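Student: Mind looking over this structure? Questions follow.
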Amino acid sequence: MKVLGIAVNSGALHYGALQQGPGVGLVPGAPERLGPADGLNGYERTGDTYRRIYQDIHVLAPDLVVLVATRKYNNWAYRQAADRAAMVTLAQLACHEDGIRCEEWTTEKIGKLVGVTAASLDSVPLERIGAATRPKYWNPGRGDAFAAALAGLVDSTPGDNW
């Protein structure tokens with residue numbers, strides 16, 4: 001089984017792709033993150049971002065995509081919230097286009113499944129995701145994405161020794 005976790009942070013989608021074979025491991029060649037293209041605005045930026053998200057998901061062909069739900073923040077400007085919501089919606093639409101199951105999970109649910117607190121999903125032990133070192137972009141959001149992917153594997157294969 002292959003699961004893609006997606007977390008939105010710092011204006012970009014952060015990807016964490018895991019597969020279960022003998023054990024859990026990183027998916028070789030999987031995308032790391034995606035941000036909107038510079039120099040584009042409005043519908044052109046939205047269309048370009050959608051095409052690139054779709055391409056990433058289509059090529060990876062996961063069995064499940066787990067989106068990390070947004071935690072409530074105070075004092076968000078409209079533009080920040082709108083951009084974040086657009087990225088999530090575009091990822092959901094890309095999954096729909098390919099018939100890929102896509103679910104948005106709270107940080108509490110993800111944390112419970114992987115054994116870390118909701119506020120520190122990126123503290124999941126690296127050996128649990130089959131990595132010896134932290135993958136690139138871990139702190140800006142990719143650690144949360146890997147925790148979401150691991151939670152998807154745990155939830156989809158109950159009874160395994162996690």
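In the structure tokens, chains take letters A, B, ... by order of appearance, with residues numbered from 1 within each chain and ligands from 1 in the order shown.
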So which residues touch Cys102 of chain A within 8 Å, counting only C-alpha atoms, skipping near sequence neighbours fewer than 5 positions away, as a list in words?
Tutor: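 The residues that qualify are Leu64, Val65, Val66, Leu67, Gln92, Cys95 and His96 of chain A.
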Student: So that each row is one residue of segment 23-108 of chain A with an atom at most 8 Å from segment 130-142 of chain A, can you give its shortest atom pair and the distance in Å to one decimal, using only C-alpha atoms, rows by chain and rising number, as CSV?
Tutor:
```
residue,atom,partner,partner_atom,distance
A:Gly23,CA,A:Gly130,CA,7.8
A:Val24,CA,A:Gly130,CA,5.6
A:Gly25,CA,A:Gly130,CA,4.4
A:Leu26,CA,A:Gly130,CA,6.2
A:Glu32,CA,A:Lys136,CA,7.5
A:Arg33,CA,A:Arg142,CA,7.8
```
Student: Choose the residue, out of A:Thr157, A:Asn9, A:Thr70, A:Asn75, that has the smallest atom-to-atom separation from Ala118 of chain A; count only C-alpha atoms.
Tutor: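 Closest to Ala118 of chain A, using only C-alpha atoms: A:Thr70.
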Student: Let's see if you can do this: from backbone DSSP, list all helix (DSSP H, G or I) residues in segment 84-113 of chain A, as a list in words.
Tutor: Arg84, Ala85, Ala86, Met87, Val88, Thr89, Leu90, Ala91, Gln92, Leu93, Ala94, Cys95, His96, Glu97, Asp98, Thr107, Glu108, Lys109, Ile110, Gly111, Lys112 and Leu113 of chain A
Student: With DSSP run on the backbone, what are the strand (DSSP E) residues within chain A? I'd like them as number ranges by chain.
Tutor: A: 2-9, 12-21, 23-26, 33-34, 64-68, 101-105
Student: For a test of reading the model, state the distance in Å between atom CA of Gly111 of chain A and atom CA of Tyr50 of chain A, rounded to one decimal.
Tutor: 28.6 Å
Student: Which one of A:Arg128, A:Asp83, A:Gly143, A:Asp63 sits closest to Glu103 of chain A if you count only C-alpha atoms?
Tutor: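 Ranked by minimum distance to Glu103 of chain A, first place goes to A:Asp63.
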Student: By how many Å are atom CA of Ser156 of chain A and atom CA of Met1 of chain A apart?
Tutor: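 Spanning atom CA of Ser156 of chain A to atom CA of Met1 of chain A is a straight-line distance of 8.8 Å.
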Student: If I take atom CA of Gln80 of chain A and atom CA of Trp105 of chain A, how far is one from the other in Å, to one decimal?
Tutor: 20.5 Å
Student: Name the residues in contact with Ala94 of chain A at a cut-off of 9 Å, using only C-alpha atoms, excluding same-chain residues fewer than 2 positions from it; report them as a PyMOL selection string.
Tutor: chain A and resi 50-51+53-55+57-58+89-92+96-100
Student: With distances taken over only C-alpha atoms, which residue among A:Gly42, A:Pro36, A:Pro125, A:Gly29 lies nearest Ala147 of chain A?
Tutor: A:Pro125
Student: Would you list the contacts of Ala148 of chain A as a PyMOL selection string, taking every protein, DNA or RNA residue within 10 Å and counting only C-alpha atoms, but skipping same-chain residues closer than 5 positions in sequence?
Tutor: chain A and resi 3-7+15-18+65-69+104-107+109-111+113-114+121-122+142-143+153-154
